[in-house]
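One structure is given here, and the rest of the page talks about it.
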Amino acid sequence: RVPIPRGKDVPVHVSLPPMTWVDAMPTQYQPYLMLARADKPIGTWLLLWPCCWSIAMVAPMGHLPDVMMLSKFALGAVVMRGAGCTINDMWDKDIDSKVERTKMRPLAAGTINRYQAAGFLGLQLTAGLGVLTSLNTYSILLGASSLGLVVLYPLMKRVSDFPQAVLGLTFNWGALLGASAVLGYTPLDICLPLYMGSVFWTLTYDTIYAHQDKRDDVAVGVKSTALFLGETWTKPACAAWAACFSAGLVAAGQAASMGMVYHGAVGVAITHLLWQISTVSLNRPADCMAKFVSNKWLGAI
């Protein structure tokens, strides 16, 4: 509801339509949903796709991937991506308040405090643990071992020019975990190139994403690959990383005896990524965001 002044008349109020489904939820729940980025599902997709690829690659020849396993990982991606965002915002509360794009996040804006966020994080991690413990013992241990990276990532932008590399190691853990959830072990000949290739994918899309905030990042003193590479070297570096992503996908596919359809899809996906790199305007935040979001379709390919 916003006041609309009409000369000297008493202001009247009109109701505006919800901007996202989160705005339609009860007011007391909205800060927590926003803290988990429930209104911005792209992060969930980017976390989920490597899991799906891994599960699909170890499916029996001629069979579709295990739908129940895919469903578990989809639920886990929603929960753990939200938990990662909560941890990130607890680390970055003071930084977020100084960055235009992030200053209205619940912790930065003061709509909830750190104690409330910590309680919410406990609920998220409990839900994530529930999904994880439905897997085999090897996968439980493998999944739990990624929590250190989840906690470490927000710190890296303070000390390293390549926080996106740590994000890649974190976000693509599902490339290792998906296959192990199906088989009870991780076939490294398939999963290791898939994992490392996907890390380079994350380096590419998150470097483009980071160009949105480069001016604010300089002002508050945080680091990123976007600042390190600058406009001159970002696109050449991203093209090289795209080549590494392609090599990882091809190597994983060969190890898993994937057919021509798979390798054709890899070609289309890499073409899409190269299109992003070649056409993105690094000084237009809206275009950087649009290219970043388009990676959900690359994952689907």
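Starting from 1 in every chain, residues are counted up; chains themselves are A, B, ... following the order of the structure tokens, and ligands are numbered from 1 as listed.
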
Notebook entry, point to check: Quick one: residues within 9 Å of range 203-211 of chain A, only C-alpha atoms counted, chain neighbours fewer than 5 positions away excluded, as an NGL selection string?
Noted result: :A and (162 or 164-165 or 167-168 or 198 or 224-227 or 230-231 or 234-235 or 237-239 or 241-242 or 273 or 276-277 or 280 or 282-285 or 288-289 or 291-293 or 295)

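When only C-alpha atoms are used to measure the gap to Gly143 in chain A, the shortest distance among A:Leu121, A:Met80, A:Ala108, A:Val218 belongs to A:Met80.
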
Compile a residue-level contact table for range 151-197 of chain A against range 95-103 of chain A at a cut-off of 12 Å, reporting for every qualifying residue the shortest atom pair and its distance in Å to one decimal, with only C-alpha atoms counted, rows ordered by chain and ascending number, as a tab-separated table.
residue	atom	partner	partner_atom	distance
A:Pro154	CA	A:Ile95	CA	11.1
A:Leu155	CA	A:Ile95	CA	11.7
A:Lys157	CA	A:Ile95	CA	10.9
A:Arg158	CA	A:Ile95	CA	10.4

Item checked: Two-atom distance - CA of Met57 in chain A, CA of Ser294 in chain A (Å) -> 23.3 Å

Item checked: Which of A:Ala286, A:Phe171, A:Met90, A:Ser146 sits closest to Tyr115 in chain A [using only C-alpha atoms] ->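 Of all the options, A:Met90 lies closest to Tyr115 in chain A.
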
Margin query: Give me the residues near Leu176 in chain A as a VMD selection string, where near means some atom within 8 Å (using only C-alpha atoms) and where sequence neighbours in that chain fewer than 6 positions away do not count.
Written below: chain A and resid 51 54 186 191 to 192 195

Note to self: When you count only C-alpha atoms, which of these residues is closest to Gly82 in chain A: A:Lys296, A:Lys223, A:Lys214, A:Lys40?
What the structure shows: A:Lys40

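Residue neighbourhood of Arg105 in chain A, excluding near-sequence residues (fewer than 6 positions): Gln30, Pro31, Tyr32, Leu33, Met34, Leu35, Ala36, Arg37, Asp39, Cys85, Thr86, Asn88, Asp89, Met90, Asp92, Lys93, Asp94, Ile95, Asp96, Ser97, Lys98, Val99, Thr111, Ile112, Asn113 and Ala117 of chain A, at 12 Å, using only C-alpha atoms.
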